[in-house]
Each structure stands twice: as C-alpha cells, then as structure tokens.
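*Asks:* So here's protein.cif (mmCIF, C-alpha atoms).
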```
data_input
#
loop_
_atom_site.label_atom_id
_atom_site.label_comp_id
_atom_site.auth_asym_id
_atom_site.auth_seq_id
_atom_site.Cartn_x
_atom_site.Cartn_y
_atom_site.Cartn_z
CA MET A 10 -33.91 -36.54 -5.44
CA LYS A 11 -32.19 -33.18 -5.00
CA LEU A 12 -31.04 -31.51 -1.82
CA PHE A 13 -30.63 -27.79 -1.40
CA ILE A 14 -27.70 -27.08 0.88
CA LYS A 15 -27.19 -23.91 2.85
CA PHE A 16 -23.68 -23.14 4.09
CA ASP A 17 -21.59 -20.32 5.46
CA PHE A 18 -18.54 -19.81 3.25
CA ASN A 19 -16.39 -18.44 6.09
CA THR A 20 -17.16 -21.39 8.36
CA VAL A 21 -16.40 -23.91 5.61
CA CYS A 22 -13.07 -22.31 4.72
CA ASN A 23 -11.99 -21.92 8.35
CA THR A 24 -12.92 -25.56 9.06
CA VAL A 25 -10.83 -26.77 6.11
CA LEU A 26 -7.88 -24.63 7.21
CA LYS A 27 -8.11 -25.89 10.81
CA GLU A 28 -8.35 -29.54 9.74
CA GLN A 29 -5.34 -29.27 7.41
CA LEU A 30 -3.22 -27.26 9.85
CA ASP A 31 -4.04 -29.63 12.72
CA ALA A 32 -3.24 -32.67 10.54
CA LEU A 33 0.25 -31.24 9.99
CA ASP A 34 0.58 -30.47 13.72
CA LEU A 35 1.33 -26.79 13.06
CA LYS A 36 0.91 -24.11 15.71
CA TYR A 37 -1.19 -21.30 14.28
CA GLU A 38 -3.87 -18.69 14.82
CA ILE A 39 -6.56 -17.82 12.30
CA LEU A 40 -6.66 -14.01 12.32
CA ASN A 41 -9.16 -12.84 9.75
CA PHE A 42 -10.92 -14.58 6.94
CA GLY A 43 -8.19 -16.04 4.75
CA GLU A 44 -5.35 -15.01 7.06
CA VAL A 45 -3.30 -17.41 9.19
CA ALA A 46 -0.45 -16.50 11.55
CA PHE A 47 2.04 -19.25 12.35
CA LEU A 48 3.26 -19.23 15.94
CA GLU A 49 6.53 -20.96 15.05
CA LYS A 50 8.72 -21.39 11.98
CA VAL A 51 7.14 -23.71 9.42
CA PRO A 52 9.60 -26.12 7.79
CA ASP A 53 9.62 -26.03 3.98
CA HIS A 54 8.34 -29.60 3.65
CA LYS A 55 5.32 -28.84 5.87
CA HIS A 56 4.64 -25.63 3.92
CA ASP A 57 4.62 -27.73 0.73
CA GLU A 58 2.37 -30.38 2.32
CA PHE A 59 -0.04 -27.68 3.48
CA THR A 60 -0.13 -26.11 0.01
CA LYS A 61 -0.87 -29.51 -1.58
CA ALA A 62 -3.51 -30.35 1.04
CA LEU A 63 -5.45 -27.17 0.19
CA GLU A 64 -5.45 -27.73 -3.60
CA PRO A 65 -8.47 -30.12 -3.72
CA TYR A 66 -10.56 -27.42 -2.01
CA GLY A 67 -9.59 -24.73 -4.52
CA ILE A 68 -7.66 -22.87 -1.84
CA GLU A 69 -4.23 -21.51 -2.65
CA ILE A 70 -1.59 -19.66 -0.68
CA VAL A 71 -0.98 -16.12 -1.90
CA GLU A 72 2.56 -14.80 -1.56
CA ASP A 73 2.86 -11.79 -3.92
CA HIS A 74 2.28 -8.47 -2.06
CA LYS A 75 -0.15 -7.09 -4.65
CA SER A 76 -2.06 -10.37 -4.82
CA ILE A 77 -2.25 -10.50 -1.04
CA LEU A 78 -3.83 -7.04 -0.89
CA VAL A 79 -6.26 -7.90 -3.71
CA GLN A 80 -7.21 -11.12 -1.90
CA LYS A 81 -7.80 -9.09 1.27
CA MET A 82 -10.01 -6.77 -0.79
CA LYS A 83 -12.01 -9.73 -2.12
CA ASP A 84 -12.37 -11.18 1.39
CA THR A 85 -13.42 -7.77 2.76
CA ILE A 86 -15.99 -7.34 -0.01
CA ILE A 87 -17.39 -10.83 0.56
CA ASP A 88 -17.60 -10.12 4.29
CA MET A 89 -19.25 -6.74 3.58
CA VAL A 90 -21.87 -8.31 1.29
CA TYR A 91 -22.60 -11.50 3.22
CA ASN A 92 -22.64 -9.82 6.62
CA SER A 93 -24.29 -6.64 5.40
CA ASP A 94 -26.62 -6.24 8.39
CA THR A 95 -23.68 -4.93 10.46
CA GLU A 96 -22.71 -2.00 8.20
CA VAL A 97 -25.88 -1.45 6.17
CA HIS A 98 -25.47 2.17 5.07
CA VAL A 99 -21.72 2.54 4.55
CA LYS A 100 -20.44 3.18 1.02
CA SER A 101 -18.26 0.34 -0.21
CA SER A 102 -15.39 2.72 -1.06
CA VAL A 103 -15.33 4.05 2.53
CA TYR A 104 -15.70 0.54 3.97
CA LEU A 105 -12.74 -0.80 1.94
CA SER A 106 -10.51 2.20 2.69
CA GLU A 107 -11.18 1.98 6.43
CA LYS A 108 -10.77 -1.80 6.63
CA LEU A 109 -7.58 -1.97 4.55
CA GLY A 110 -5.90 1.33 5.45
CA HIS A 111 -5.37 2.57 1.88
CA SER A 112 -7.07 5.18 -0.26
CA TYR A 113 -9.90 3.86 -2.39
CA GLY A 114 -8.19 5.18 -5.54
CA TYR A 115 -5.11 3.07 -4.84
CA LEU A 116 -7.17 -0.01 -3.98
CA SER A 117 -9.37 0.37 -7.05
CA ASN A 118 -6.41 0.74 -9.41
CA LEU A 119 -4.57 -2.22 -7.87
CA PHE A 120 -7.67 -4.41 -8.04
CA SER A 121 -8.18 -3.61 -11.73
CA GLU A 122 -4.49 -4.18 -12.49
CA VAL A 123 -4.43 -7.63 -10.87
CA THR A 124 -7.91 -8.95 -11.73
CA TYR A 125 -8.71 -7.14 -15.01
CA THR A 126 -12.09 -6.11 -13.63
CA SER A 127 -13.30 -3.29 -11.42
CA VAL A 128 -14.00 -3.36 -7.70
CA GLU A 129 -17.55 -2.23 -8.48
CA ASN A 130 -18.10 -5.15 -10.85
CA PHE A 131 -16.78 -7.61 -8.25
CA ILE A 132 -19.14 -6.14 -5.64
CA ILE A 133 -22.10 -6.45 -8.03
CA LEU A 134 -21.23 -10.08 -8.78
CA GLN A 135 -21.02 -10.88 -5.06
CA LYS A 136 -24.33 -9.12 -4.36
CA ILE A 137 -26.07 -11.03 -7.17
CA GLU A 138 -24.66 -14.38 -5.96
CA TYR A 139 -25.85 -13.56 -2.44
CA THR A 140 -29.24 -12.49 -3.80
CA LYS A 141 -29.58 -15.90 -5.47
CA ARG A 142 -28.70 -17.63 -2.19
CA LEU A 143 -31.22 -15.53 -0.27
CA ILE A 144 -33.92 -16.33 -2.81
CA ILE A 145 -33.12 -20.06 -2.70
CA ASN A 146 -32.42 -20.51 1.01
CA GLU A 147 -34.17 -17.72 2.89
CA ASN A 148 -37.28 -17.17 0.79
CA LYS A 149 -36.91 -13.41 1.33
CA SER A 150 -38.82 -10.85 -0.69
CA LEU A 151 -36.97 -8.70 -3.19
CA THR A 152 -37.74 -5.65 -1.05
CA GLU A 153 -36.06 -7.27 1.97
CA ILE A 154 -33.07 -8.33 -0.12
CA ALA A 155 -32.69 -4.89 -1.72
CA PHE A 156 -32.71 -3.25 1.72
CA GLN A 157 -30.31 -5.81 3.22
CA LEU A 158 -27.82 -5.35 0.37
CA ASN A 159 -28.03 -1.55 0.48
CA TYR A 160 -29.69 -1.06 -2.92
CA SER A 161 -31.52 2.21 -3.42
CA SER A 162 -34.57 0.32 -4.73
CA VAL A 163 -35.86 -3.06 -5.87
CA ALA A 164 -35.65 -1.73 -9.45
CA HIS A 165 -31.91 -1.11 -9.03
CA LEU A 166 -31.40 -4.65 -7.70
CA SER A 167 -33.54 -6.09 -10.52
CA THR A 168 -31.58 -4.21 -13.20
CA GLN A 169 -28.23 -5.43 -11.89
CA PHE A 170 -29.58 -8.97 -11.45
CA LYS A 171 -30.85 -9.08 -15.04
CA ASN A 172 -27.67 -7.53 -16.45
CA THR A 173 -25.60 -10.16 -14.63
CA THR A 174 -27.72 -13.30 -15.05
CA GLY A 175 -29.84 -12.55 -18.11
CA ILE A 176 -33.12 -13.00 -16.20
CA THR A 177 -35.02 -10.93 -13.67
CA PRO A 178 -34.98 -11.91 -9.99
CA SER A 179 -38.74 -12.56 -10.22
CA ALA A 180 -38.13 -15.03 -13.06
CA PHE A 181 -35.37 -16.64 -10.97
CA GLN A 182 -37.82 -16.98 -8.05
CA ARG A 183 -40.37 -18.67 -10.35
CA ILE A 184 -37.72 -21.10 -11.65
CA ILE A 185 -36.71 -22.05 -8.11
CA ALA A 186 -40.35 -22.47 -7.06
CA LYS A 187 -41.05 -24.69 -10.09
CA ARG A 188 -37.99 -26.87 -9.41
CA ARG A 189 -39.09 -27.32 -5.81
CA GLU A 190 -42.57 -28.36 -6.98
CA GLU A 191 -41.08 -30.89 -9.41
CA ASN A 192 -38.92 -32.40 -6.67
CA ASN A 193 -41.81 -32.92 -4.24
#
```
Take the structure I supplied and represent it as structure tokens, if you would.
*Replies:*
Amino acid sequence: MKLFIKFDFNTVCNTVLKEQLDALDLKYEILNFGEVAFLEKVPDHKHDEFTKALEPYGIEIVEDHKSILVQKMKDTIIDMVYNSDTEVHVKSSVYLSEKLGHSYGYLSNLFSEVTYTSVENFIILQKIEYTKRLIINENKSLTEIAFQLNYSSVAHLSTQFKNTTGITPSAFQRIIAKRREENN
C-alpha cells in the first residue's frame, strides 16, 4: 500500500525549528522563512546542540554573508512560486529586488557565483517541482497550473517541464493516474 502525502514545506520547517529551539529552552522569534532572531545571547554549547539537532532534517545554519543572501534568495523564490496567487503578475526579477533590497544584477551574479547555476534555472526547477505537486495532490488542469505559475501559455509550461524532467506534463499525469489505479 502507498500513501500520497501532501505537506506545506514552510509549516514543516517552522515546526522543526520550534521543536528544536523549545527543546533547548532558547528564547527566539521566527521572523521570515528560514530566519530566526534570538532574544538573548545563545551560549556556544547550545548553538552547537541546535546545529546538531537540525542535521537529521537536512537543515543547516548559514553564517557566511554571501551564503545568507543566496539562501534568502532561494527562500524568496520558493515563497514566490509556492504562494504565487498573491503576486501573480510580477516579474521574478522585480519581486526579488523589492523583497531583498538589492539590484537584480547583483543578486543574479551572486547567486551564480555561489550556486553555479542561474536564478532563472532555480526558478524553473522550483516551478516544475510545484507543478508535479499540483498534478499529484490538487488534480489541477495544466491550464490552471500555467496561469497560477505565471506562464504565458500551457505550451511554455510543457516545454520547460519536458526539458527538466524528460517527459511532458500530460505523460506525467497519465503515469500518476496509472499508479493510482494500480494501488486501488
């Protein structure tokens, strides 16, 4: 038997952070996604314990200034893609510049320098992952998904999906439907 699980990434991460911070009895405030402000000085041993407690979840503390800004960019992009209904028709370059307070040229160059890929490629990968989730969990049409993710057309979404995954979104839908039939 297989189960298909739907989850909100932000909620999961914030829950893990809260549980680990509470377990160490630290006073904190979660500001934005992936950003925690401590309300008092954190002793080194508790900082180390917190770092170790996050490792099994694949969460790591970022301390380098460039890496921090790149992580903020990734978090902002994920928020932009996964919560796209709030800012549907804003260009990603404008969205990132406004949210992070830097020119898009600077952000784009920094992102490429640290990650060895482009901002645009990261956005495409996030959109395709979200498209897969919407197909699996929401049973939305490709037209609805293309509109929600700010694609100019279903054809544009389909091209990026195939270039990223090697199959068309329609083929992906058929595979998911067949797997569901086999599991019933």
*Asks:* Using only the atoms of stretch 78-91 of chain A listed in the file, plus 8 Å on each side, state the axis-aligned box centre and edge lengths in Å rounded to one decimal, as AutoDock Vina command-line options.
*Replies:*
```
--center_x -13.2 --center_y -9.1 --center_z 0.3 --size_x 34.8 --size_y 20.8 --size_z 24.0
```
*Asks:* Can you build me a table of stretch 120-168 of chain A residues sitting at most 9 Å from stretch 74-80 of chain A, with the closest atom pair per residue and its distance in Å to one decimal, using all atoms listed in the file, sorted by chain and residue number, as CSV?
*Replies:*
```
residue,atom,partner,partner_atom,distance
A:Phe120,CA,A:Val79,CA,5.7
A:Val123,CA,A:Ser76,CA,7.1
A:Thr124,CA,A:Val79,CA,8.3
```
*Asks:* Atom CA of A:Lys83 to atom CA of A:Asn148: how many Å, to one decimal?
*Replies:*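 Straight-line distance from atom CA of A:Lys83 to atom CA of A:Asn148 works out to 26.5 Å.
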*Asks:* Contacts of stretch 33-38 of chain A at 7 Å or less, counting all atoms listed in the file, minus same-chain residues fewer than 6 places along, as number ranges by chain?
*Replies:* A: 45-49, 55
*Asks:* Restricting the calculation to all atoms listed in the file: of A:Asp88, A:Val71, A:Gln182, A:Asn23, which residue gets closest to A:Lys149?
*Replies:*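 Nearest candidate to A:Lys149 out of A:Asp88, A:Val71, A:Gln182, A:Asn23: A:Gln182.
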*Asks:* Applied to this file, what does the PyMOL selection byres ((chain A and resi 86) around 9) return in terms of residues, put as a PyMOL selection string?
*Replies:* chain A and resi 81-85+87-91+101+104-105+128+131-132+135
*Asks:* State, in Å with one decimal place, the distance from atom CA of A:Lys136 to atom CA of A:Lys27.
*Replies:*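 Those two atoms sit 27.8 Å apart.
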*Asks:* For the provided coordinates, the residues matched by the PyMOL selection byres ((chain A and resi 163) around 12) should be stated as a PyMOL selection string.
*Replies:* chain A and resi 140+150-162+164-170+177-179
*Asks:* At what distance in Å, to one decimal, does atom CA of A:Ile39 lie from atom CA of A:Leu116?
*Replies:*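 That distance, rounded to one decimal, is 24.1 Å.
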*Asks:* Extract stretch 49-162 of chain A from the preceding block and save C-alpha atoms as a CSV table (one decimal), in the first residue's frame.
*Replies:*
```csv
chain,number,residue,atom,x,y,z
A,49,GLU,CA,19.1,36.6,24.3
A,50,LYS,CA,22.7,35.5,23.9
A,51,VAL,CA,23.0,31.9,22.9
A,52,PRO,CA,25.8,30.0,24.7
A,53,ASP,CA,28.2,28.2,22.4
A,54,HIS,CA,27.3,24.8,23.6
A,55,LYS,CA,23.6,25.4,22.9
A,56,HIS,CA,24.4,26.8,19.5
A,57,ASP,CA,26.3,23.5,18.8
A,58,GLU,CA,23.4,21.4,20.2
A,59,PHE,CA,21.0,23.3,18.0
A,60,THR,CA,23.2,22.8,14.9
A,61,LYS,CA,23.5,19.1,15.6
A,62,ALA,CA,19.7,18.7,16.3
A,63,LEU,CA,18.9,20.2,12.8
A,64,GLU,CA,21.3,17.9,10.9
A,65,PRO,CA,18.9,14.9,10.6
A,66,TYR,CA,16.3,17.1,8.9
A,67,GLY,CA,18.8,18.4,6.3
A,68,ILE,CA,18.7,21.9,7.8
A,69,GLU,CA,21.9,23.7,8.4
A,70,ILE,CA,22.8,27.1,9.8
A,71,VAL,CA,24.2,29.6,7.3
A,72,GLU,CA,26.8,32.0,8.6
A,73,ASP,CA,28.7,33.4,5.5
A,74,HIS,CA,27.2,36.7,4.3
A,75,LYS,CA,27.1,35.7,0.7
A,76,SER,CA,25.5,32.3,1.5
A,77,ILE,CA,23.0,34.0,3.8
A,78,LEU,CA,21.8,36.3,0.9
A,79,VAL,CA,21.7,33.4,-1.5
A,80,GLN,CA,19.7,31.4,1.0
A,81,LYS,CA,17.3,34.3,1.4
A,82,MET,CA,17.0,34.4,-2.4
A,83,LYS,CA,16.2,30.7,-2.5
A,84,ASP,CA,13.6,31.1,0.3
A,85,THR,CA,12.1,34.2,-1.5
A,86,ILE,CA,11.9,32.2,-4.8
A,87,ILE,CA,10.3,29.2,-3.1
A,88,ASP,CA,7.8,31.6,-1.4
A,89,MET,CA,7.1,33.3,-4.7
A,90,VAL,CA,6.5,30.0,-6.5
A,91,TYR,CA,4.5,28.2,-3.9
A,92,ASN,CA,2.4,31.2,-2.8
A,93,SER,CA,2.1,32.5,-6.4
A,94,ASP,CA,-1.6,33.5,-6.0
A,95,THR,CA,-0.6,36.6,-4.0
A,96,GLU,CA,1.8,38.2,-6.6
A,97,VAL,CA,0.6,36.5,-9.9
A,98,HIS,CA,1.8,39.0,-12.5
A,99,VAL,CA,5.0,40.4,-11.0
A,100,LYS,CA,8.3,39.6,-12.8
A,101,SER,CA,10.6,37.5,-10.7
A,102,SER,CA,13.5,40.0,-11.1
A,103,VAL,CA,11.3,42.8,-9.8
A,104,TYR,CA,10.0,40.6,-7.0
A,105,LEU,CA,13.5,39.6,-5.8
A,106,SER,CA,14.9,43.1,-6.0
A,107,GLU,CA,12.0,44.5,-4.0
A,108,LYS,CA,12.0,41.7,-1.4
A,109,LEU,CA,15.7,41.7,-0.8
A,110,GLY,CA,16.6,45.4,-1.4
A,111,HIS,CA,19.4,44.8,-4.0
A,112,SER,CA,19.5,45.2,-7.7
A,113,TYR,CA,18.6,42.1,-9.7
A,114,GLY,CA,22.0,42.2,-11.5
A,115,TYR,CA,23.9,42.0,-8.2
A,116,LEU,CA,21.6,39.2,-6.9
A,117,SER,CA,21.8,37.3,-10.1
A,118,ASN,CA,25.6,37.4,-10.2
A,119,LEU,CA,25.9,36.5,-6.5
A,120,PHE,CA,23.5,33.6,-7.0
A,121,SER,CA,25.5,32.2,-9.9
A,122,GLU,CA,28.8,32.7,-8.1
A,123,VAL,CA,27.7,30.7,-5.0
A,124,THR,CA,25.4,28.0,-6.6
A,125,TYR,CA,27.0,27.6,-10.1
A,126,THR,CA,23.6,27.9,-11.6
A,127,SER,CA,21.4,30.8,-12.6
A,128,VAL,CA,18.5,32.3,-10.7
A,129,GLU,CA,16.3,31.6,-13.8
A,130,ASN,CA,17.2,27.9,-13.7
A,131,PHE,CA,16.5,27.7,-10.0
A,132,ILE,CA,13.1,29.3,-10.6
A,133,ILE,CA,12.3,26.9,-13.4
A,134,LEU,CA,13.2,23.9,-11.2
A,135,GLN,CA,11.0,25.2,-8.4
A,136,LYS,CA,8.1,25.8,-10.7
A,137,ILE,CA,8.4,22.3,-12.2
A,138,GLU,CA,8.6,20.7,-8.7
A,139,TYR,CA,5.5,22.6,-7.7
A,140,THR,CA,3.8,21.6,-11.0
A,141,LYS,CA,4.4,18.0,-10.1
A,142,ARG,CA,2.9,18.5,-6.6
A,143,LEU,CA,-0.1,20.2,-8.1
A,144,ILE,CA,-0.7,17.4,-10.6
A,145,ILE,CA,-0.3,14.8,-7.8
A,146,ASN,CA,-2.1,16.5,-5.0
A,147,GLU,CA,-4.5,19.0,-6.4
A,148,ASN,CA,-5.6,17.3,-9.7
A,149,LYS,CA,-5.5,20.7,-11.4
A,150,SER,CA,-5.5,21.1,-15.2
A,151,LEU,CA,-2.4,22.3,-17.0
A,152,THR,CA,-4.2,25.5,-17.9
A,153,GLU,CA,-4.9,26.2,-14.3
A,154,ILE,CA,-1.3,25.4,-13.3
A,155,ALA,CA,0.2,27.5,-16.1
A,156,PHE,CA,-1.9,30.5,-15.1
A,157,GLN,CA,-1.2,30.0,-11.3
A,158,LEU,CA,2.6,29.9,-12.0
A,159,ASN,CA,2.5,32.9,-14.3
A,160,TYR,CA,3.4,31.0,-17.5
A,161,SER,CA,2.5,32.8,-20.8
A,162,SER,CA,0.9,29.5,-22.0
```
